[in-house]
>>> print(open('run_36.cif').read())   # mmCIF, C-alpha atoms and all ligand atoms
data_target
#
loop_
_atom_site.label_atom_id
_atom_site.label_comp_id
_atom_site.auth_asym_id
_atom_site.auth_seq_id
_atom_site.Cartn_x
_atom_site.Cartn_y
_atom_site.Cartn_z
CA MET A 1 0.00 0.00 0.00
CA ASP A 2 1.21 3.51 -0.85
CA GLY A 3 1.68 5.31 2.48
CA SER A 4 2.62 8.75 1.11
CA LEU A 5 0.56 11.91 1.62
CA GLU A 6 0.18 12.10 -2.17
CA SER A 7 -1.94 8.94 -1.97
CA VAL A 8 -4.69 10.92 -0.17
CA SER A 9 -3.92 14.34 -1.67
CA GLY A 10 -3.75 14.51 -5.46
CA PRO A 11 -2.54 17.33 -7.71
CA GLY A 12 -4.83 20.15 -8.87
CA ARG A 13 -6.86 19.23 -11.94
CA VAL A 14 -9.48 20.37 -14.38
CA ALA A 15 -12.60 18.24 -15.03
CA GLY A 16 -12.97 16.40 -18.33
CA PRO A 17 -15.43 17.74 -20.93
CA GLU A 18 -18.38 15.53 -19.84
CA GLU A 19 -17.35 15.09 -16.19
CA GLY A 20 -20.12 16.03 -13.73
CA ILE A 21 -19.70 17.28 -10.16
CA SER A 22 -18.15 14.47 -8.09
CA THR A 23 -19.05 13.20 -4.61
CA GLN A 24 -15.82 14.82 -3.37
CA GLU A 25 -16.90 18.20 -4.72
CA LEU A 26 -20.37 17.64 -3.20
CA ALA A 27 -18.75 16.91 0.17
CA LEU A 28 -16.88 20.22 -0.03
CA ALA A 29 -20.04 22.06 -1.08
CA ALA A 30 -21.95 20.58 1.88
CA ARG A 31 -19.28 21.79 4.35
CA ASN A 32 -18.73 25.17 2.75
CA HIS A 33 -22.10 26.79 2.22
CA GLY A 34 -22.95 29.95 0.31
CA LEU A 35 -25.27 32.88 0.95
CA PRO A 36 -28.85 31.92 0.05
CA LEU A 37 -29.40 34.62 -2.59
CA GLU A 38 -32.55 35.97 -0.90
CA GLY A 39 -30.07 36.87 1.89
CA LEU A 40 -28.90 39.71 -0.40
CA ARG A 41 -31.89 41.67 0.98
CA TYR A 42 -30.04 42.45 4.24
CA ASP A 43 -27.47 45.29 4.47
CA VAL A 44 -25.51 43.16 6.97
CA THR A 45 -25.77 39.40 6.48
CA PRO A 46 -27.58 37.82 9.46
CA PRO A 47 -25.75 35.17 11.53
CA GLY A 48 -25.49 31.84 9.75
CA LEU A 49 -26.25 33.21 6.27
CA HIS A 50 -22.73 34.53 5.54
CA TYR A 51 -20.84 32.13 3.25
CA VAL A 52 -18.25 29.83 4.85
CA LEU A 53 -15.02 28.43 3.41
CA VAL A 54 -12.71 26.24 5.50
CA HIS A 55 -9.82 24.47 3.73
CA TYR A 56 -9.17 21.88 6.48
CA ASP A 57 -11.05 21.55 9.82
CA ILE A 58 -12.36 24.23 12.17
CA PRO A 59 -9.59 23.89 14.78
CA ALA A 60 -10.15 23.13 18.46
CA VAL A 61 -9.34 26.36 20.29
CA ASP A 62 -8.13 26.83 23.87
CA THR A 63 -9.96 30.10 24.54
CA THR A 64 -8.22 30.99 27.80
CA GLY A 65 -4.67 30.39 26.59
CA TRP A 66 -4.98 32.06 23.16
CA GLN A 67 -2.17 34.43 22.28
CA LEU A 68 -1.35 36.34 19.14
CA ALA A 69 2.40 36.41 18.54
CA VAL A 70 3.79 39.38 16.56
CA GLY A 71 7.38 38.64 15.67
CA GLY A 72 9.99 38.17 12.98
CA ARG A 73 11.74 41.38 11.91
CA VAL A 74 10.42 43.61 14.70
CA ARG A 75 12.23 45.45 17.52
CA THR A 76 9.88 44.22 20.27
CA PRO A 77 8.09 40.92 19.69
CA LEU A 78 4.58 40.91 21.21
CA ALA A 79 2.48 38.13 22.74
CA LEU A 80 -1.05 39.44 23.14
CA ASP A 81 -3.89 37.60 24.86
CA MET A 82 -7.52 38.45 24.17
CA ALA A 83 -7.73 40.91 27.09
CA ALA A 84 -4.64 42.75 25.80
CA LEU A 85 -6.15 42.96 22.30
CA ARG A 86 -9.48 44.23 23.65
CA ALA A 87 -7.63 46.96 25.58
CA TYR A 88 -6.67 48.73 22.32
CA PRO A 89 -9.15 51.26 20.86
CA ALA A 90 -11.59 49.15 18.82
CA VAL A 91 -12.40 49.82 15.18
CA THR A 92 -15.52 48.48 13.40
CA GLN A 93 -15.76 48.15 9.63
CA ARG A 94 -18.58 46.85 7.43
CA VAL A 95 -16.91 44.62 4.86
CA THR A 96 -18.21 42.55 1.94
CA MET A 97 -16.12 39.38 1.66
CA GLU A 98 -16.13 37.07 -1.34
CA CYS A 99 -14.29 33.81 -1.99
CA ALA A 100 -11.82 34.04 -4.88
CA GLY A 101 -13.31 30.78 -6.20
CA ASN A 102 -16.81 32.23 -6.52
CA GLY A 103 -18.18 31.30 -9.96
CA ARG A 104 -15.77 28.38 -10.38
CA ALA A 105 -18.41 25.70 -11.06
CA ARG A 106 -19.78 27.69 -14.00
CA LEU A 107 -16.44 27.55 -15.81
CA SER A 108 -15.94 25.16 -18.67
CA PRO A 109 -13.77 23.18 -18.34
CA ARG A 110 -14.39 23.15 -14.56
CA PRO A 111 -11.42 23.41 -12.18
CA VAL A 112 -12.01 20.64 -9.60
CA SER A 113 -12.32 22.31 -6.18
CA GLN A 114 -15.04 23.89 -4.03
CA PRO A 115 -17.79 24.20 -6.71
CA TRP A 116 -19.22 27.67 -6.07
CA LEU A 117 -21.87 29.00 -8.44
CA VAL A 118 -22.25 32.71 -7.48
CA GLU A 119 -23.14 32.65 -3.78
CA ALA A 120 -19.75 32.77 -1.98
CA VAL A 121 -20.29 36.25 -0.51
CA GLY A 122 -21.46 37.96 2.66
CA THR A 123 -21.24 41.25 4.52
CA ALA A 124 -20.42 41.62 8.21
CA GLU A 125 -19.46 44.28 10.74
CA TRP A 126 -16.00 43.31 11.95
CA THR A 127 -14.57 44.77 15.17
CA GLY A 128 -10.96 44.58 16.26
CA VAL A 129 -7.58 46.30 16.38
CA PRO A 130 -5.96 47.81 13.28
CA LEU A 131 -3.01 45.63 12.29
CA ARG A 132 -0.92 48.78 11.74
CA THR A 133 -1.36 49.66 15.45
CA LEU A 134 0.16 46.31 16.48
CA LEU A 135 2.97 46.50 13.90
CA ALA A 136 3.80 50.07 15.00
CA GLU A 137 4.00 48.93 18.62
CA ALA A 138 6.25 45.98 17.71
CA GLY A 139 8.41 48.28 15.54
CA VAL A 140 9.02 46.89 12.04
CA GLU A 141 12.74 46.69 11.16
CA PRO A 142 13.91 48.62 8.07
CA GLY A 143 14.22 46.47 4.94
CA SER A 144 11.16 44.31 5.79
CA VAL A 145 8.86 43.46 2.88
CA GLU A 146 5.91 41.35 4.04
CA ALA A 147 3.84 40.23 7.00
CA VAL A 148 2.98 36.51 7.10
CA PHE A 149 -0.19 35.36 8.88
CA THR A 150 -0.55 31.86 10.36
CA GLY A 151 -3.84 30.21 11.28
CA ALA A 152 -4.26 27.45 13.87
CA ASP A 153 -5.73 25.03 11.30
CA HIS A 154 -3.63 22.29 9.76
CA GLY A 155 -4.07 20.02 6.77
CA VAL A 156 -2.67 18.69 3.54
CA GLU A 157 -3.35 20.08 0.11
CA ARG A 158 -2.05 18.72 -3.19
CA GLY A 159 0.51 16.68 -1.25
CA VAL A 160 1.77 19.58 0.89
CA GLU A 161 1.20 19.38 4.66
CA GLN A 162 0.78 22.86 6.12
CA ASP A 163 -0.75 25.33 8.55
CA TYR A 164 -3.00 27.75 6.64
CA ARG A 165 -0.69 30.68 5.96
CA ARG A 166 -0.82 33.78 3.76
CA SER A 167 1.13 37.03 3.48
CA LEU A 168 0.47 40.67 2.62
CA PRO A 169 2.93 43.24 1.29
CA LEU A 170 4.04 45.42 4.22
CA ALA A 171 2.51 48.50 2.57
CA VAL A 172 -0.90 46.78 2.69
CA ALA A 173 -0.40 45.39 6.21
CA THR A 174 0.51 48.83 7.61
CA GLY A 175 -1.77 50.87 5.32
CA ASP A 176 -4.88 52.77 6.28
CA TRP A 177 -6.80 52.35 2.98
CA PRO A 178 -7.92 49.68 3.43
CA GLU A 179 -7.20 49.45 7.13
CA VAL A 180 -6.46 45.79 7.86
CA LEU A 181 -8.07 44.56 11.10
CA VAL A 182 -7.21 41.86 13.60
CA ALA A 183 -10.86 41.16 14.39
CA TYR A 184 -12.36 39.47 17.47
CA ALA A 185 -16.03 40.28 16.83
CA MET A 186 -18.47 39.75 13.97
CA ASN A 187 -21.72 41.73 14.08
CA GLY A 188 -21.05 42.68 17.72
CA GLN A 189 -20.56 39.09 18.93
CA PRO A 190 -17.42 36.99 19.44
CA LEU A 191 -16.43 35.36 16.13
CA PRO A 192 -18.36 32.11 15.48
CA PRO A 193 -16.05 29.04 15.28
CA GLN A 194 -16.41 28.74 11.49
CA HIS A 195 -15.48 32.41 10.96
CA GLY A 196 -12.20 32.22 12.92
CA TYR A 197 -12.86 32.30 16.69
CA PRO A 198 -11.18 33.85 18.56
CA LEU A 199 -9.25 36.02 16.05
CA ARG A 200 -9.04 36.62 12.32
CA LEU A 201 -7.55 39.00 9.82
CA VAL A 202 -9.93 41.21 7.80
CA VAL A 203 -8.50 42.79 4.64
CA PRO A 204 -11.24 45.01 3.19
CA GLY A 205 -11.49 44.84 -0.62
CA TRP A 206 -9.43 41.62 -0.91
CA TYR A 207 -10.74 38.17 -1.78
CA GLY A 208 -11.45 35.84 1.14
CA MET A 209 -8.18 33.85 1.13
CA ALA A 210 -6.35 36.89 2.58
CA HIS A 211 -8.60 37.08 5.67
CA VAL A 212 -6.70 34.45 7.71
CA LYS A 213 -8.92 32.85 10.38
CA TRP A 214 -7.88 31.42 13.79
CA LEU A 215 -4.97 33.86 13.58
CA ARG A 216 -2.16 32.97 15.98
CA GLU A 217 0.97 34.51 14.46
CA VAL A 218 2.05 37.59 12.52
CA THR A 219 5.63 37.35 11.26
CA VAL A 220 7.44 40.25 9.56
CA THR A 221 9.89 39.04 6.90
CA ASP A 222 12.60 40.48 4.65
CA THR A 223 11.83 38.08 1.79
CA PRO A 224 8.53 37.45 -0.02
CA PHE A 225 6.59 34.50 1.41
CA THR A 226 6.54 31.48 -0.93
CA GLY A 227 4.25 29.12 1.02
CA PHE A 228 1.61 26.97 -0.67
CA GLN A 229 -1.38 29.34 -0.32
CA GLN A 230 0.73 32.21 -1.72
CA ALA A 231 2.91 30.80 -4.47
CA VAL A 232 1.09 27.61 -5.53
CA ALA A 233 -2.61 28.27 -4.85
CA TYR A 234 -4.39 31.57 -5.57
CA ARG A 235 -2.51 32.38 -8.77
CA LEU A 236 -4.15 33.29 -12.08
CA ARG A 237 -2.71 30.82 -14.60
CA GLN A 238 -3.71 29.31 -17.92
CA SER A 239 -1.43 26.28 -17.52
CA ALA A 240 0.05 24.38 -14.56
CA ASP A 241 3.66 25.27 -15.34
CA GLU A 242 3.53 29.09 -15.26
CA PRO A 243 3.99 31.11 -12.03
CA GLY A 244 0.87 33.21 -12.69
CA GLU A 245 -0.26 36.49 -11.16
CA PRO A 246 -1.35 36.56 -7.50
CA VAL A 247 -5.07 36.85 -6.70
CA THR A 248 -5.62 40.03 -4.66
CA ARG A 249 -8.61 42.40 -4.79
CA ILE A 250 -12.24 41.59 -5.52
CA ALA A 251 -13.38 42.12 -9.12
CA PRO A 252 -16.74 43.90 -9.50
CA ARG A 253 -19.88 41.80 -9.29
CA ALA A 254 -23.62 42.44 -9.02
CA LEU A 255 -26.09 39.81 -7.85
CA MET A 256 -29.87 39.83 -7.98
CA ILE A 257 -32.30 38.52 -5.37
CA PRO A 258 -33.97 35.93 -7.61
CA PRO A 259 -37.44 37.41 -8.28
CA GLY A 260 -40.82 35.70 -7.84
CA PHE A 261 -40.87 32.17 -6.40
CA PRO A 262 -38.70 29.13 -7.11
CA ASP A 263 -39.28 25.56 -8.19
CA PHE A 264 -37.90 23.26 -5.48
CA MET A 265 -35.68 21.17 -7.77
CA SER A 266 -34.77 23.30 -10.78
CA ARG A 267 -34.65 26.55 -8.72
CA GLU A 268 -36.15 28.25 -11.78
CA ARG A 269 -38.15 31.35 -10.94
CA VAL A 270 -41.83 32.02 -11.65
CA VAL A 271 -43.19 35.58 -11.80
CA ARG A 272 -46.58 37.11 -12.66
CA PRO A 273 -47.06 39.59 -15.55
CA GLY A 274 -46.66 43.27 -14.66
CA PHE A 275 -44.07 45.31 -12.78
CA VAL A 276 -41.42 43.19 -11.08
CA ALA A 277 -38.96 44.95 -8.78
CA LEU A 278 -35.45 43.60 -9.41
CA GLU A 279 -33.16 44.20 -6.44
CA GLY A 280 -29.78 43.12 -5.22
CA ARG A 281 -26.25 44.14 -4.26
CA ALA A 282 -23.11 45.12 -6.13
CA TRP A 283 -19.50 45.48 -5.00
CA SER A 284 -15.91 45.91 -6.14
CA GLY A 285 -12.72 45.67 -4.09
CA TYR A 286 -11.06 48.37 -6.20
CA ALA A 287 -13.42 51.35 -6.18
CA PRO A 288 -17.03 52.29 -5.38
CA VAL A 289 -19.71 50.79 -7.61
CA GLU A 290 -20.77 53.49 -10.03
CA ARG A 291 -23.25 51.77 -12.28
CA VAL A 292 -25.51 48.70 -12.25
CA GLU A 293 -27.45 47.59 -15.34
CA VAL A 294 -29.96 44.81 -15.91
CA THR A 295 -30.97 42.95 -19.06
CA ALA A 296 -33.88 40.61 -19.79
CA ASP A 297 -32.87 39.84 -23.38
CA GLY A 298 -29.46 38.23 -23.04
CA GLY A 299 -27.52 41.49 -23.10
CA GLU A 300 -29.07 43.08 -26.18
CA THR A 301 -30.51 45.97 -24.17
CA TRP A 302 -29.44 47.13 -20.72
CA THR A 303 -31.41 49.30 -18.29
CA ASP A 304 -29.72 51.35 -15.57
CA ALA A 305 -30.68 50.44 -12.02
CA ASP A 306 -30.82 52.94 -9.14
CA VAL A 307 -27.71 52.41 -7.03
CA GLY A 308 -27.81 53.12 -3.27
CA ARG A 309 -25.23 55.24 -1.48
CA GLN A 310 -22.10 53.33 -0.42
CA ALA A 311 -20.30 56.29 1.20
CA PRO A 312 -20.58 55.47 4.93
CA HIS A 313 -19.37 51.90 4.27
CA PRO A 314 -16.83 52.08 1.43
CA TRP A 315 -15.86 48.38 1.73
CA ALA A 316 -19.43 47.04 1.77
CA TRP A 317 -21.76 46.25 -1.11
CA ALA A 318 -24.20 48.82 -2.52
CA SER A 319 -27.90 48.11 -2.98
CA TRP A 320 -29.50 48.50 -6.41
CA ARG A 321 -33.06 48.42 -7.77
CA ALA A 322 -34.68 48.40 -11.21
CA LEU A 323 -38.25 47.88 -12.45
CA TRP A 324 -38.92 45.22 -15.06
CA THR A 325 -42.21 44.86 -16.91
CA ALA A 326 -42.76 41.12 -17.25
CA GLU A 327 -44.94 39.67 -20.00
CA PRO A 328 -45.78 35.97 -20.33
CA GLY A 329 -42.76 34.05 -21.62
CA ARG A 330 -39.33 32.76 -20.67
CA TYR A 331 -36.42 35.07 -19.89
CA VAL A 332 -32.86 35.03 -18.64
CA LEU A 333 -32.18 38.06 -16.44
CA SER A 334 -28.64 39.33 -15.96
CA VAL A 335 -27.11 42.19 -14.04
CA ARG A 336 -23.68 43.79 -14.26
CA ALA A 337 -21.74 46.20 -12.09
CA THR A 338 -19.18 48.80 -13.16
CA ASP A 339 -16.91 50.50 -10.62
CA ALA A 340 -15.57 54.06 -10.55
CA GLU A 341 -12.32 52.89 -12.18
CA GLY A 342 -14.23 51.46 -15.15
CA ARG A 343 -13.86 47.79 -14.23
CA THR A 344 -16.91 45.77 -15.19
CA GLN A 345 -18.20 42.20 -15.61
CA PRO A 346 -17.73 40.04 -18.69
CA LEU A 347 -20.62 38.47 -20.63
CA GLU A 348 -18.37 35.64 -21.83
CA GLN A 349 -16.61 33.54 -19.23
CA PRO A 350 -12.97 34.32 -18.52
CA TRP A 351 -11.02 31.15 -17.63
CA ASN A 352 -8.06 30.28 -15.46
CA ARG A 353 -6.88 26.94 -14.05
CA GLY A 354 -7.78 27.66 -10.43
CA GLY A 355 -11.17 29.16 -11.27
CA PHE A 356 -10.34 32.41 -9.44
CA ALA A 357 -11.74 35.92 -9.74
CA ASN A 358 -14.31 34.84 -12.30
CA ASN A 359 -16.95 37.58 -12.33
CA LEU A 360 -19.03 36.48 -15.29
CA VAL A 361 -22.53 38.04 -15.05
CA GLN A 362 -25.22 36.10 -13.17
CA HIS A 363 -27.91 34.35 -15.25
CA VAL A 364 -31.37 34.03 -13.68
CA PRO A 365 -33.85 32.02 -15.79
CA VAL A 366 -37.42 33.25 -15.20
CA LEU A 367 -40.81 31.99 -16.41
CA CYS A 368 -43.60 34.60 -16.48
CA VAL A 369 -47.11 33.11 -16.33
CA SER A 370 -50.58 34.47 -15.49
CA ASP A 371 -52.19 32.93 -12.40
N1 LIG B 401 -6.91 29.83 8.75
C1 LIG B 401 -7.68 29.86 7.67
N2 LIG B 401 -8.10 31.05 7.21
C2 LIG B 401 -8.89 31.12 6.11
C3 LIG B 401 -9.27 29.96 5.42
C4 LIG B 401 -8.84 28.71 5.93
O1 LIG B 401 -9.16 27.63 5.40
N3 LIG B 401 -8.04 28.70 7.06
N4 LIG B 401 -10.03 30.06 4.27
C5 LIG B 401 -9.91 31.34 3.57
C6 LIG B 401 -10.82 31.47 2.46
S1 LIG B 401 -10.38 30.68 1.02
C7 LIG B 401 -11.94 32.26 2.52
S2 LIG B 401 -12.89 32.49 1.16
C8 LIG B 401 -12.31 32.93 3.78
C9 LIG B 401 -13.73 32.58 4.17
O2 LIG B 401 -14.11 33.28 5.33
P1 LIG B 401 -15.50 32.96 6.00
O3 LIG B 401 -15.63 31.47 6.14
O4 LIG B 401 -15.51 33.68 7.30
O5 LIG B 401 -16.58 33.50 5.07
O6 LIG B 401 -11.47 32.59 4.86
C10 LIG B 401 -10.10 32.51 4.52
N5 LIG B 401 -9.30 32.34 5.70
MO MO B 402 -11.90 31.41 -0.62
#
>>> encode(input="run_36.cif", output="structure tokens")
Amino acid sequence: MDGSLESVSGPGRVAGPEEGISTQELALAARNHGLPLEGLRYDVTPPGLHYVLVHYDIPAVDTTGWQLAVGGRVRTPLALDMAALRAYPAVTQRVTMECAGNGRARLSPRPVSQPWLVEAVGTAEWTGVPLRTLLAEAGVEPGSVEAVFTGADHGVERGVEQDYRRSLPLAVATGDWPEVLVAYAMNGQPLPPQHGYPLRLVVPGWYGMAHVKWLREVTVTDTPFTGFQQAVAYRLRQSADEPGEPVTRIAPRALMIPPGFPDFMSRERVVRPGFVALEGRAWSGYAPVERVEVTADGGETWTDADVGRQAPHPWAWASWRALWTAEPGRYVLSVRATDAEGRTQPLEQPWNRGGFANNLVQHVPVLCVSD
């Protein structure tokens, strides 16, 4: 019998042309749930509706003994328990978080991994200490380039045994736009276990993989971090043998609360003739959402939606609303967001091997019938 880790942990792969979703992908999808799309109606996602993504297991946590170590290239290494962290002035930010793999299962060919459709998103109020406050207190040595963040969870991925670990450029880690948080509360409550209890990183505007959960160590380094989640995973590549570009900020996306009522199995929507209010949320990790448009004819004609004010919460999604006059028939509704820097959503699927940062427009099939 082959006793190597590779025997339980295969290489990354792309599904064959006719290959359906496997039991392994289903098992991942059952652990890592998305936002039910009707949950887009809330400004702040209620407890339990925020999407969840956990690479390995939710770790067992010793709540009394938890310490955050801040070390590496710093003048004064810190070891902070929860009481010490709570003694700093607290900052709260409303942040929309999205998994970089959102949209992966709609790609063709399909990268084999967590098979998100469009629902890997949520918005929460995160409270904690700015990371830059802790790094200033520790005193970063000149010549440092990155901060590396280590979670308490452990596993194996594509043959590599590891603690979940990611880095940020020092300019991002110590910046104030976005202001990175070491968060101990979500929506005014201690973090739930699945969202990183007792401590997680929150990096507003960045895809989910940067928001390291169960955070136990911050290490300042003078060389770029080349660990698995940085240099192997979360790269935009067309083929397995290129280094690829790192996945960073969230590309613009708009989602619609599916209108009318659904069929149990097909999830297809049924609406009545007349005015139908189309509503949802739109976000971008680069710049405020400037424009949201909807189409009911496959992108031939687009109608501008009214976009709500984002100003008090620059890192959270904006609401949008448009009226559609439904007549009996079948339709596919789509919506697309454009941010203030002109980034928008494609109508044809972009593709990369990991299935990352795919922001293809949502398609919502709708049947309009009289009652
Ligand atoms: N320690 C640790 N942090 C982690 C992860 C993980 O598996 N382990 N998953 C990351 C990924 S890929 C995402 S999308 C977000 C999900 O955060 P959430 O479950 O709170 O929505 O957490 C990130 N932080
Ligand atoms: Mo993710």
>>> residues_around(input="run_36.cif", residues="segment 313-328 of chain A", least_positions_apart="4", cutoff="6 Å", atoms="all atoms listed in the file", output="VMD selection string")
chain A and resid 94 to 96 204 273 to 283 305 to 308 368 to 369
>>> closest_residue(input="run_36.cif", among="A:Cys99, A:Leu107, A:Val140, A:Ala254", to="ligand LIG 401 (chain B)", atoms="only C-alpha atoms and all ligand atoms")
A:Cys99
>>> residues_near_ligand(input="run_36.cif", ligand="ligand MO 402 (chain B)", cutoff="7 Å", atoms="only C-alpha atoms and all ligand atoms", output="PyMOL selection string")
chain A and resi 53+99-101+207-209
>>> closest_atom_pairs(input="run_36.cif", of="chain A", to="ligand LIG 401 (chain B)", cutoff="9 Å", atoms="all atoms listed in the file", output="tab-separated table")
residue	atom	partner	partner_atom	distance
A:Asn32	CA	B:LIG401	O3	7.8
A:His33	CA	B:LIG401	O3	8.9
A:Gly34	CA	B:LIG401	O5	8.7
A:His50	CA	B:LIG401	O5	6.3
A:Tyr51	CA	B:LIG401	O5	4.8
A:Val52	CA	B:LIG401	O3	3.3
A:Leu53	CA	B:LIG401	O3	4.1
A:Val54	CA	B:LIG401	O1	3.8
A:His55	CA	B:LIG401	O1	3.6
A:Tyr56	CA	B:LIG401	O1	5.9
A:Asp57	CA	B:LIG401	O1	7.8
A:Ile58	CA	B:LIG401	N3	8.0
A:Pro59	CA	B:LIG401	N1	8.9
A:Met97	CA	B:LIG401	O5	6.8
A:Glu98	CA	B:LIG401	S2	6.1
A:Cys99	CA	B:LIG401	S2	3.7
A:Ala100	CA	B:LIG401	S2	6.3
A:Gly101	CA	B:LIG401	S2	7.6
A:Asn102	CA	B:LIG401	S2	8.6
A:Ala120	CA	B:LIG401	S2	7.5
A:Val121	CA	B:LIG401	O5	7.2
A:Gly122	CA	B:LIG401	O5	7.0
A:Phe149	CA	B:LIG401	N1	8.7
A:Thr150	CA	B:LIG401	N1	6.9
A:Gly151	CA	B:LIG401	N1	4.0
A:Ala152	CA	B:LIG401	N1	6.2
A:Asp153	CA	B:LIG401	N1	5.6
A:His154	CA	B:LIG401	N3	8.2
A:Asp163	CA	B:LIG401	N1	7.6
A:Tyr164	CA	B:LIG401	N1	4.9
A:Arg165	CA	B:LIG401	N1	6.9
A:Arg166	CA	B:LIG401	N2	8.5
A:Pro192	CA	B:LIG401	O4	8.8
A:Gln194	CA	B:LIG401	O3	6.1
A:His195	CA	B:LIG401	O4	3.9
A:Gly196	CA	B:LIG401	O4	6.7
A:Arg200	CA	B:LIG401	N2	7.6
A:Leu201	CA	B:LIG401	N5	8.0
A:Tyr207	CA	B:LIG401	S2	6.7
A:Gly208	CA	B:LIG401	S2	3.6
A:Met209	CA	B:LIG401	C6	3.8
A:Ala210	CA	B:LIG401	C10	6.1
A:His211	CA	B:LIG401	N5	4.8
A:Val212	CA	B:LIG401	N2	3.7
A:Lys213	CA	B:LIG401	N2	3.7
A:Trp214	CA	B:LIG401	N1	5.4
A:Leu215	CA	B:LIG401	N1	6.6
A:Tyr234	CA	B:LIG401	S1	8.9
>>> residues_around(input="run_36.cif", residues="Gly244 of chain A", least_positions_apart="6", cutoff="7 Å", atoms="all atoms listed in the file", output="ChimeraX atom specification")
/A:235-237
>>> closest_residue(input="run_36.cif", among="A:Ala251, A:Leu181, A:Leu135, A:Leu360", to="Arg73 of chain A", atoms="only C-alpha atoms")
A:Leu135
>>> closest_residue(input="run_36.cif", among="A:Thr174, A:Asn359, A:Ser108, A:Ser370", to="Leu134 of chain A", atoms="only C-alpha atoms")
A:Thr174
>>> closest_residue(input="run_36.cif", among="A:Pro111, A:Gly12, A:Ala240, A:Glu217", to="Trp351 of chain A", atoms="all atoms listed in the file")
A:Pro111
>>> atom_distance(input="run_36.cif", atom1="atom CA of Trp66 of chain A", atom2="atom CA of Leu80 of chain A")
8.4 Å
>>> closest_residue(input="run_36.cif", among="A:Thr301, A:Asp81, A:Ala105, A:Ala30", to="Val118 of chain A", atoms="all atoms listed in the file")
A:Ala105
